[in-house]
$ cat upload_13.pdb   # PDB, C-alpha atoms
MODEL        1
ATOM      1  CA  MET A   1     -24.305  -3.904   5.589  1.00  0.00           C
ATOM      2  CA  LYS A   2     -20.567  -3.331   5.952  1.00  0.00           C
ATOM      3  CA  LYS A   3     -19.074  -0.156   7.368  1.00  0.00           C
ATOM      4  CA  TYR A   4     -15.595   1.167   6.576  1.00  0.00           C
ATOM      5  CA  ILE A   5     -13.435   4.021   7.686  1.00  0.00           C
ATOM      6  CA  TRP A   6     -10.675   5.315   5.438  1.00  0.00           C
ATOM      7  CA  VAL A   7      -7.519   7.353   5.716  1.00  0.00           C
ATOM      8  CA  THR A   8      -5.105   8.766   3.167  1.00  0.00           C
ATOM      9  CA  PHE A   9      -1.399   9.462   3.178  1.00  0.00           C
ATOM     10  CA  LYS A  10       1.392  10.088   0.670  1.00  0.00           C
ATOM     11  CA  LYS A  11       4.965   8.866   0.459  1.00  0.00           C
ATOM     12  CA  GLU A  12       7.835   9.455  -1.930  1.00  0.00           C
ATOM     13  CA  GLY A  13       9.178   6.349  -3.623  1.00  0.00           C
ATOM     14  CA  ILE A  14      11.416   5.182  -6.441  1.00  0.00           C
ATOM     15  CA  HIS A  15      10.626   2.179  -8.613  1.00  0.00           C
ATOM     16  CA  LYS A  16      11.089   0.821 -12.121  1.00  0.00           C
ATOM     17  CA  TYR A  17       9.429  -1.526 -14.600  1.00  0.00           C
ATOM     18  CA  PRO A  18      12.328  -3.480 -16.154  1.00  0.00           C
ATOM     19  CA  ALA A  19      10.171  -5.160 -18.828  1.00  0.00           C
ATOM     20  CA  ALA A  20       9.405  -1.737 -20.313  1.00  0.00           C
ATOM     21  CA  LEU A  21      12.933  -1.533 -21.714  1.00  0.00           C
ATOM     22  CA  GLU A  22      12.579  -4.467 -24.126  1.00  0.00           C
ATOM     23  CA  ASP A  23       8.968  -5.629 -24.355  1.00  0.00           C
ATOM     24  CA  PRO A  24       7.775  -4.572 -27.832  1.00  0.00           C
ATOM     25  CA  LYS A  25       4.286  -3.848 -26.437  1.00  0.00           C
ATOM     26  CA  LEU A  26       5.873  -1.244 -24.146  1.00  0.00           C
ATOM     27  CA  ALA A  27       8.983  -0.053 -26.006  1.00  0.00           C
ATOM     28  CA  THR A  28       7.006   0.845 -29.117  1.00  0.00           C
ATOM     29  CA  GLY A  29       9.126   3.719 -30.419  1.00  0.00           C
ATOM     30  CA  ASP A  30       6.049   5.878 -30.999  1.00  0.00           C
ATOM     31  CA  GLU A  31       3.783   8.103 -28.887  1.00  0.00           C
ATOM     32  CA  TYR A  32       2.785   5.046 -26.815  1.00  0.00           C
ATOM     33  CA  ASP A  33       6.384   4.209 -25.901  1.00  0.00           C
ATOM     34  CA  VAL A  34       6.898   3.801 -22.152  1.00  0.00           C
ATOM     35  CA  SER A  35      10.403   2.338 -22.213  1.00  0.00           C
ATOM     36  CA  PHE A  36      11.504   5.117 -19.824  1.00  0.00           C
ATOM     37  CA  LEU A  37       9.638   3.237 -17.074  1.00  0.00           C
ATOM     38  CA  GLY A  38      12.419   0.654 -17.173  1.00  0.00           C
ATOM     39  CA  TYR A  39      14.720   3.075 -15.367  1.00  0.00           C
ATOM     40  CA  PRO A  40      14.375   4.076 -11.714  1.00  0.00           C
ATOM     41  CA  HIS A  41      11.975   6.993 -11.443  1.00  0.00           C
ATOM     42  CA  ARG A  42      10.323   8.932  -8.635  1.00  0.00           C
ATOM     43  CA  HIS A  43       6.672   9.253  -7.687  1.00  0.00           C
ATOM     44  CA  ILE A  44       4.657  10.523  -4.793  1.00  0.00           C
ATOM     45  CA  PHE A  45       2.605   7.425  -4.030  1.00  0.00           C
ATOM     46  CA  HIS A  46      -0.906   8.168  -2.762  1.00  0.00           C
ATOM     47  CA  PHE A  47      -2.486   5.623  -0.440  1.00  0.00           C
ATOM     48  CA  LYS A  48      -6.136   5.358   0.565  1.00  0.00           C
ATOM     49  CA  VAL A  49      -6.824   2.578   3.034  1.00  0.00           C
ATOM     50  CA  TYR A  50     -10.344   1.500   3.929  1.00  0.00           C
ATOM     51  CA  ILE A  51     -10.862  -0.894   6.824  1.00  0.00           C
ATOM     52  CA  GLU A  52     -14.050  -2.536   8.011  1.00  0.00           C
ATOM     53  CA  VAL A  53     -15.426  -1.410  11.358  1.00  0.00           C
ATOM     54  CA  PHE A  54     -18.019  -3.209  13.447  1.00  0.00           C
ATOM     55  CA  HIS A  55     -19.716  -0.327  15.242  1.00  0.00           C
ATOM     56  CA  ASP A  56     -20.179   3.388  14.718  1.00  0.00           C
ATOM     57  CA  ASP A  57     -18.308   4.814  17.705  1.00  0.00           C
ATOM     58  CA  ARG A  58     -14.644   4.882  16.692  1.00  0.00           C
ATOM     59  CA  ASP A  59     -14.080   1.136  16.461  1.00  0.00           C
ATOM     60  CA  ILE A  60     -10.749   2.149  14.890  1.00  0.00           C
ATOM     61  CA  GLU A  61      -9.790   5.765  15.510  1.00  0.00           C
ATOM     62  CA  PHE A  62      -8.932   7.574  12.239  1.00  0.00           C
ATOM     63  CA  ILE A  63      -5.942   9.539  13.442  1.00  0.00           C
ATOM     64  CA  GLN A  64      -4.327   6.602  15.227  1.00  0.00           C
ATOM     65  CA  PHE A  65      -4.837   4.370  12.188  1.00  0.00           C
ATOM     66  CA  LYS A  66      -3.348   6.978   9.867  1.00  0.00           C
ATOM     67  CA  ARG A  67      -0.348   7.587  12.144  1.00  0.00           C
ATOM     68  CA  TRP A  68       0.322   3.845  12.356  1.00  0.00           C
ATOM     69  CA  LEU A  69       0.257   3.546   8.555  1.00  0.00           C
ATOM     70  CA  GLU A  70       2.503   6.583   8.088  1.00  0.00           C
ATOM     71  CA  ASN A  71       4.971   5.202  10.624  1.00  0.00           C
ATOM     72  CA  LEU A  72       5.360   2.055   8.530  1.00  0.00           C
ATOM     73  CA  TYR A  73       6.923   4.299   5.878  1.00  0.00           C
ATOM     74  CA  LYS A  74       8.741   6.844   8.044  1.00  0.00           C
ATOM     75  CA  ASP A  75      12.327   6.001   7.047  1.00  0.00           C
ATOM     76  CA  GLY A  76      13.059   8.173   4.003  1.00  0.00           C
ATOM     77  CA  THR A  77      12.213   7.461   0.390  1.00  0.00           C
ATOM     78  CA  MET A  78      10.709   4.052  -0.350  1.00  0.00           C
ATOM     79  CA  LYS A  79      13.045   1.933  -2.469  1.00  0.00           C
ATOM     80  CA  LEU A  80      10.548  -0.211  -4.346  1.00  0.00           C
ATOM     81  CA  ASP A  81      12.688  -1.765  -7.080  1.00  0.00           C
ATOM     82  CA  TYR A  82      10.229  -3.362  -9.550  1.00  0.00           C
ATOM     83  CA  LYS A  83       7.057  -3.150  -7.395  1.00  0.00           C
ATOM     84  CA  SER A  84       3.834  -2.008  -9.010  1.00  0.00           C
ATOM     85  CA  CYS A  85       0.986  -0.227  -7.248  1.00  0.00           C
ATOM     86  CA  GLU A  86      -0.827  -3.578  -7.110  1.00  0.00           C
ATOM     87  CA  MET A  87       2.155  -5.237  -5.407  1.00  0.00           C
ATOM     88  CA  MET A  88       2.421  -2.390  -2.917  1.00  0.00           C
ATOM     89  CA  ALA A  89      -1.295  -2.636  -2.073  1.00  0.00           C
ATOM     90  CA  GLU A  90      -1.099  -6.402  -1.541  1.00  0.00           C
ATOM     91  CA  GLU A  91       1.981  -6.049   0.647  1.00  0.00           C
ATOM     92  CA  LEU A  92       0.450  -3.320   2.797  1.00  0.00           C
ATOM     93  CA  ASN A  93      -2.818  -5.225   3.088  1.00  0.00           C
ATOM     94  CA  GLY A  94      -0.968  -8.206   4.562  1.00  0.00           C
ATOM     95  CA  ILE A  95       0.370  -5.982   7.327  1.00  0.00           C
ATOM     96  CA  VAL A  96      -2.962  -4.225   7.947  1.00  0.00           C
ATOM     97  CA  GLN A  97      -4.771  -7.548   8.225  1.00  0.00           C
ATOM     98  CA  GLN A  98      -2.116  -8.888  10.615  1.00  0.00           C
ATOM     99  CA  LYS A  99      -2.740  -5.970  12.948  1.00  0.00           C
ATOM    100  CA  TYR A 100      -6.525  -5.981  12.392  1.00  0.00           C
ATOM    101  CA  PRO A 101      -7.513  -9.581  11.543  1.00  0.00           C
ATOM    102  CA  GLY A 102     -11.086 -10.470  10.689  1.00  0.00           C
ATOM    103  CA  ARG A 103     -11.742  -7.210   8.815  1.00  0.00           C
ATOM    104  CA  SER A 104     -12.097  -6.700   5.099  1.00  0.00           C
ATOM    105  CA  THR A 105     -10.083  -3.901   3.539  1.00  0.00           C
ATOM    106  CA  ILE A 106      -9.951  -1.847   0.371  1.00  0.00           C
ATOM    107  CA  LEU A 107      -6.629  -0.362  -0.680  1.00  0.00           C
ATOM    108  CA  GLU A 108      -5.942   2.245  -3.317  1.00  0.00           C
ATOM    109  CA  VAL A 109      -2.383   3.050  -4.351  1.00  0.00           C
ATOM    110  CA  SER A 110      -1.592   5.514  -7.106  1.00  0.00           C
ATOM    111  CA  GLU A 111       1.381   7.174  -8.720  1.00  0.00           C
ATOM    112  CA  ASP A 112       1.133  10.912  -8.122  1.00  0.00           C
ATOM    113  CA  GLY A 113      -2.639  10.657  -7.668  1.00  0.00           C
ATOM    114  CA  GLU A 114      -3.035  10.031 -11.428  1.00  0.00           C
ATOM    115  CA  ASN A 115      -2.855   6.306 -12.175  1.00  0.00           C
ATOM    116  CA  GLY A 116      -3.265   3.471  -9.739  1.00  0.00           C
ATOM    117  CA  THR A 117      -5.089   0.465  -8.421  1.00  0.00           C
ATOM    118  CA  THR A 118      -8.008  -0.342  -6.153  1.00  0.00           C
ATOM    119  CA  ILE A 119      -8.106  -3.808  -4.582  1.00  0.00           C
ATOM    120  CA  LEU A 120     -10.854  -5.226  -2.358  1.00  0.00           C
ATOM    121  CA  PHE A 121      -9.536  -7.768   0.143  1.00  0.00           C
ATOM    122  CA  PRO A 122     -11.799 -10.119   2.084  1.00  0.00           C
ATOM    123  CA  ALA A 123     -11.302 -10.455   5.812  1.00  0.00           C
ATOM    124  CA  SER A 124      -8.625 -12.906   6.895  1.00  0.00           C
ATOM    125  CA  GLY A 125      -7.800 -14.370  10.260  1.00  0.00           C
ATOM    126  CA  THR A 126      -9.786 -14.027  13.421  1.00  0.00           C
ATOM    127  CA  LYS A 127     -10.569 -10.656  14.954  1.00  0.00           C
ATOM    128  CA  THR A 128      -8.218  -9.967  17.866  1.00  0.00           C
ATOM    129  CA  GLU A 129      -6.397  -6.997  19.328  1.00  0.00           C
ATOM    130  CA  LYS A 130      -2.995  -8.459  18.393  1.00  0.00           C
ATOM    131  CA  ASP A 131      -0.479  -5.930  17.038  1.00  0.00           C
ATOM    132  CA  ALA A 132       1.504  -6.825  13.905  1.00  0.00           C
ATOM    133  CA  GLY A 133       4.635  -5.469  15.593  1.00  0.00           C
ATOM    134  CA  PHE A 134       6.111  -3.610  12.616  1.00  0.00           C
ATOM    135  CA  GLY A 135       7.486  -0.167  13.286  1.00  0.00           C
ATOM    136  CA  THR A 136       8.634   0.712   9.760  1.00  0.00           C
ATOM    137  CA  TYR A 137       8.243  -0.245   6.109  1.00  0.00           C
ATOM    138  CA  GLU A 138      11.741  -1.781   6.177  1.00  0.00           C
ATOM    139  CA  GLU A 139      10.795  -4.035   9.115  1.00  0.00           C
ATOM    140  CA  MET A 140       7.597  -5.022   7.324  1.00  0.00           C
ATOM    141  CA  ILE A 141       9.470  -5.938   4.123  1.00  0.00           C
ATOM    142  CA  SER A 142      12.247  -7.741   5.972  1.00  0.00           C
ATOM    143  CA  GLN A 143       9.738  -9.881   7.895  1.00  0.00           C
ATOM    144  CA  SER A 144       7.722 -10.567   4.732  1.00  0.00           C
ATOM    145  CA  ASN A 145      10.861 -11.624   2.846  1.00  0.00           C
ATOM    146  CA  ASN A 146      11.975 -13.877   5.702  1.00  0.00           C
ATOM    147  CA  ALA A 147       8.535 -15.516   5.863  1.00  0.00           C
ATOM    148  CA  GLY A 148       8.662 -16.224   2.122  1.00  0.00           C
ATOM    149  CA  ALA A 149      12.057 -17.903   2.448  1.00  0.00           C
ATOM    150  CA  ASN A 150      10.754 -20.461   4.947  1.00  0.00           C
TER     151      ASN A 150
ENDMDL
END

$ encode --input "upload_13.pdb" --output "structure tokens"
Amino acid sequence: MKKYIWVTFKKEGIHKYPAALEDPKLATGDEYDVSFLGYPHRHIFHFKVYIEVFHDDRDIEFIQFKRWLENLYKDGTMKLDYKSCEMMAEELNGIVQQKYPGRSTILEVSEDGENGTTILFPASGTKTEKDAGFGTYEEMISQSNNAGAN
């Protein structure tokens, strides 16, 4: 049996889906047309983060976990460019599993609580108490981008 705790939080963000402007499957010109998604638009992104716990006495304390997650995104409106909910979930999961290695996670990210994704991530790394060291979303993205360039 696996046990999880979960927390939720919301954050304003702006993103776009550039392919929607010209892809004929998206820019259909009829009631299914979503070409407007090609322009920057605002959402309130809803996050629900589940993390595996190994015992039933506050292995990870809810409020502390939630505050840590919220602090990753504390600096104003998220500027997401072309990122989808799936991309956001994968990115956040990388940071969660750096701070809490050896634990499986489930992340849900939605646009305005209406449409979104749920991704189940297996545990990665070895369980330690090591802190990922990111204070904000911008630091997280900067470090992730620098790691990808190497």

$ closest_residue --input "upload_13.pdb" --among "A:Lys3, A:Ile14, A:Ser104, A:Val109" --to "Asp59 (chain A)" --atoms "only C-alpha atoms"
A:Lys3

$ resolve_selection --input "upload_13.pdb" --expression "the PyMOL selection byres ((chain A and resi 119) around 10)" --output "list in words"
Glu86, Ala89, Glu90, Asn93, Thr105, Ile106, Leu107, Glu108, Val109, Thr117, Thr118, Leu120, Phe121 and Pro122 of chain A

$ closest_atom_pairs --input "upload_13.pdb" --of "region 20-130 of chain A" --to "region 5-8 of chain A" --cutoff "10 Å" --atoms "only C-alpha atoms" --output "Markdown table"
| residue | atom | partner | partner_atom | distance |
| --- | --- | --- | --- | --- |
| A:His46 | CA | A:Thr8 | CA | 7.3 |
| A:Phe47 | CA | A:Thr8 | CA | 5.5 |
| A:Lys48 | CA | A:Thr8 | CA | 4.4 |
| A:Val49 | CA | A:Trp6 | CA | 5.3 |
| A:Tyr50 | CA | A:Trp6 | CA | 4.1 |
| A:Ile51 | CA | A:Ile5 | CA | 5.6 |
| A:Glu52 | CA | A:Ile5 | CA | 6.6 |
| A:Val53 | CA | A:Ile5 | CA | 6.9 |
| A:Asp56 | CA | A:Ile5 | CA | 9.8 |
| A:Arg58 | CA | A:Ile5 | CA | 9.1 |
| A:Asp59 | CA | A:Ile5 | CA | 9.3 |
| A:Ile60 | CA | A:Ile5 | CA | 7.9 |
| A:Glu61 | CA | A:Ile5 | CA | 8.8 |
| A:Phe62 | CA | A:Val7 | CA | 6.7 |
| A:Ile63 | CA | A:Val7 | CA | 8.2 |
| A:Phe65 | CA | A:Val7 | CA | 7.6 |
| A:Lys66 | CA | A:Val7 | CA | 5.9 |
| A:Arg67 | CA | A:Val7 | CA | 9.6 |
| A:Leu69 | CA | A:Val7 | CA | 9.1 |
| A:Glu70 | CA | A:Thr8 | CA | 9.3 |
| A:Thr105 | CA | A:Trp6 | CA | 9.4 |
| A:Ile106 | CA | A:Trp6 | CA | 8.8 |
| A:Leu107 | CA | A:Trp6 | CA | 9.3 |
| A:Glu108 | CA | A:Thr8 | CA | 9.2 |
| A:Val109 | CA | A:Thr8 | CA | 9.8 |

$ resolve_selection --input "upload_13.pdb" --expression "the PyMOL selection byres ((chain A and resi 38) around 8)" --output "list of chain:residue names"
A:Lys16, A:Tyr17, A:Pro18, A:Ala19, A:Ala20, A:Leu21, A:Ser35, A:Phe36, A:Leu37, A:Tyr39, A:Pro40

$ closest_residue --input "upload_13.pdb" --among "A:Thr28, A:Gln64, A:Asn71, A:Thr77" --to "Lys11 (chain A)" --atoms "all atoms listed in the file"
A:Thr77

$ atom_distance --input "upload_13.pdb" --atom1 "CA of Arg42 (chain A)" --atom2 "CA of Gly13 (chain A)"
5.8 Å

$ atom_distance --input "upload_13.pdb" --atom1 "CA of Lys83 (chain A)" --atom2 "CA of Asp30 (chain A)"
25.3 Å

$ atom_distance --input "upload_13.pdb" --atom1 "CA of Cys85 (chain A)" --atom2 "CA of Gly102 (chain A)"
23.9 Å

$ residues_around --input "upload_13.pdb" --residues "Gln97 (chain A)" --least-positions-apart "6" --cutoff "9 Å" --atoms "all atoms listed in the file" --output "list in words"
Arg103, Ser104, Thr105, Ala123, Ser124, Gly125 and Ala132 of chain A

$ write_last_selection --input "upload_13.pdb" --atoms "C-alpha atoms" --output "compact mmCIF listing (two decimals), in the frame of the given file"
# COMPACT_ATOMS: atom_id res chain seq x y z
CA ARG A 103 -11.74 -7.21 8.82
CA SER A 104 -12.10 -6.70 5.10
CA THR A 105 -10.08 -3.90 3.54
CA ALA A 123 -11.30 -10.46 5.81
CA SER A 124 -8.62 -12.91 6.90
CA GLY A 125 -7.80 -14.37 10.26
CA ALA A 132 1.50 -6.82 13.90

$ closest_residue --input "upload_13.pdb" --among "A:His55, A:Leu26, A:Glu12, A:Glu114" --to "Gly76 (chain A)" --atoms "all atoms listed in the file"
A:Glu12

$ axis_aligned_box --input "upload_13.pdb" --around "region 12-23 of chain A" --padding-each-side "4 Å" --output "JSON"
{"center_x": 10.4, "center_y": 1.9, "center_z": -13.1, "size_x": 13.1, "size_y": 23.1, "size_z": 30.4}

$ build_atoms --input "upload_13.pdb" --residues "region 19-39 of chain A" --atoms "N, CA and C atoms" --output "tab-separated table (two decimals), in the coordinates of the input"
chain	number	residue	atom	x	y	z
A	19	ALA	N	10.68	-4.62	-17.56
A	19	ALA	CA	10.17	-5.16	-18.83
A	19	ALA	C	9.92	-4.06	-19.85
A	20	ALA	N	9.70	-2.84	-19.39
A	20	ALA	CA	9.40	-1.74	-20.31
A	20	ALA	C	10.57	-1.43	-21.25
A	21	LEU	N	11.77	-1.82	-20.87
A	21	LEU	CA	12.93	-1.53	-21.71
A	21	LEU	C	12.94	-2.35	-23.01
A	22	GLU	N	12.43	-3.58	-22.97
A	22	GLU	CA	12.58	-4.47	-24.13
A	22	GLU	C	11.29	-5.06	-24.66
A	23	ASP	N	10.23	-5.04	-23.89
A	23	ASP	CA	8.97	-5.63	-24.36
A	23	ASP	C	8.43	-4.78	-25.50
A	24	PRO	N	8.24	-5.36	-26.68
A	24	PRO	CA	7.78	-4.57	-27.83
A	24	PRO	C	6.40	-3.94	-27.64
A	25	LYS	N	5.59	-4.47	-26.72
A	25	LYS	CA	4.29	-3.85	-26.44
A	25	LYS	C	4.46	-2.57	-25.64
A	26	LEU	N	5.62	-2.41	-24.98
A	26	LEU	CA	5.87	-1.24	-24.15
A	26	LEU	C	6.89	-0.30	-24.78
A	27	ALA	N	7.95	-0.85	-25.32
A	27	ALA	CA	8.98	-0.05	-26.01
A	27	ALA	C	8.61	0.02	-27.49
A	28	THR	N	7.59	0.82	-27.77
A	28	THR	CA	7.01	0.84	-29.12
A	28	THR	C	7.70	1.80	-30.08
A	29	GLY	N	8.46	2.76	-29.56
A	29	GLY	CA	9.13	3.72	-30.42
A	29	GLY	C	8.21	4.80	-30.97
A	30	ASP	N	6.98	4.85	-30.53
A	30	ASP	CA	6.05	5.88	-31.00
A	30	ASP	C	5.47	6.64	-29.80
A	31	GLU	N	4.34	7.31	-29.99
A	31	GLU	CA	3.78	8.10	-28.89
A	31	GLU	C	3.29	7.26	-27.71
A	32	TYR	N	3.20	5.95	-27.90
A	32	TYR	CA	2.78	5.05	-26.82
A	32	TYR	C	3.97	4.40	-26.10
A	33	ASP	N	5.16	4.77	-26.49
A	33	ASP	CA	6.38	4.21	-25.90
A	33	ASP	C	6.49	4.58	-24.42
A	34	VAL	N	6.69	3.57	-23.59
A	34	VAL	CA	6.90	3.80	-22.15
A	34	VAL	C	8.18	3.13	-21.68
A	35	SER	N	9.14	2.99	-22.58
A	35	SER	CA	10.40	2.34	-22.21
A	35	SER	C	11.13	3.06	-21.08
A	36	PHE	N	10.88	4.36	-20.92
A	36	PHE	CA	11.50	5.12	-19.82
A	36	PHE	C	11.14	4.56	-18.45
A	37	LEU	N	10.04	3.83	-18.36
A	37	LEU	CA	9.64	3.24	-17.07
A	37	LEU	C	10.60	2.14	-16.62
A	38	GLY	N	11.43	1.68	-17.52
A	38	GLY	CA	12.42	0.65	-17.17
A	38	GLY	C	13.55	1.16	-16.30
A	39	TYR	N	13.68	2.46	-16.20
A	39	TYR	CA	14.72	3.08	-15.37
A	39	TYR	C	14.11	3.54	-14.05
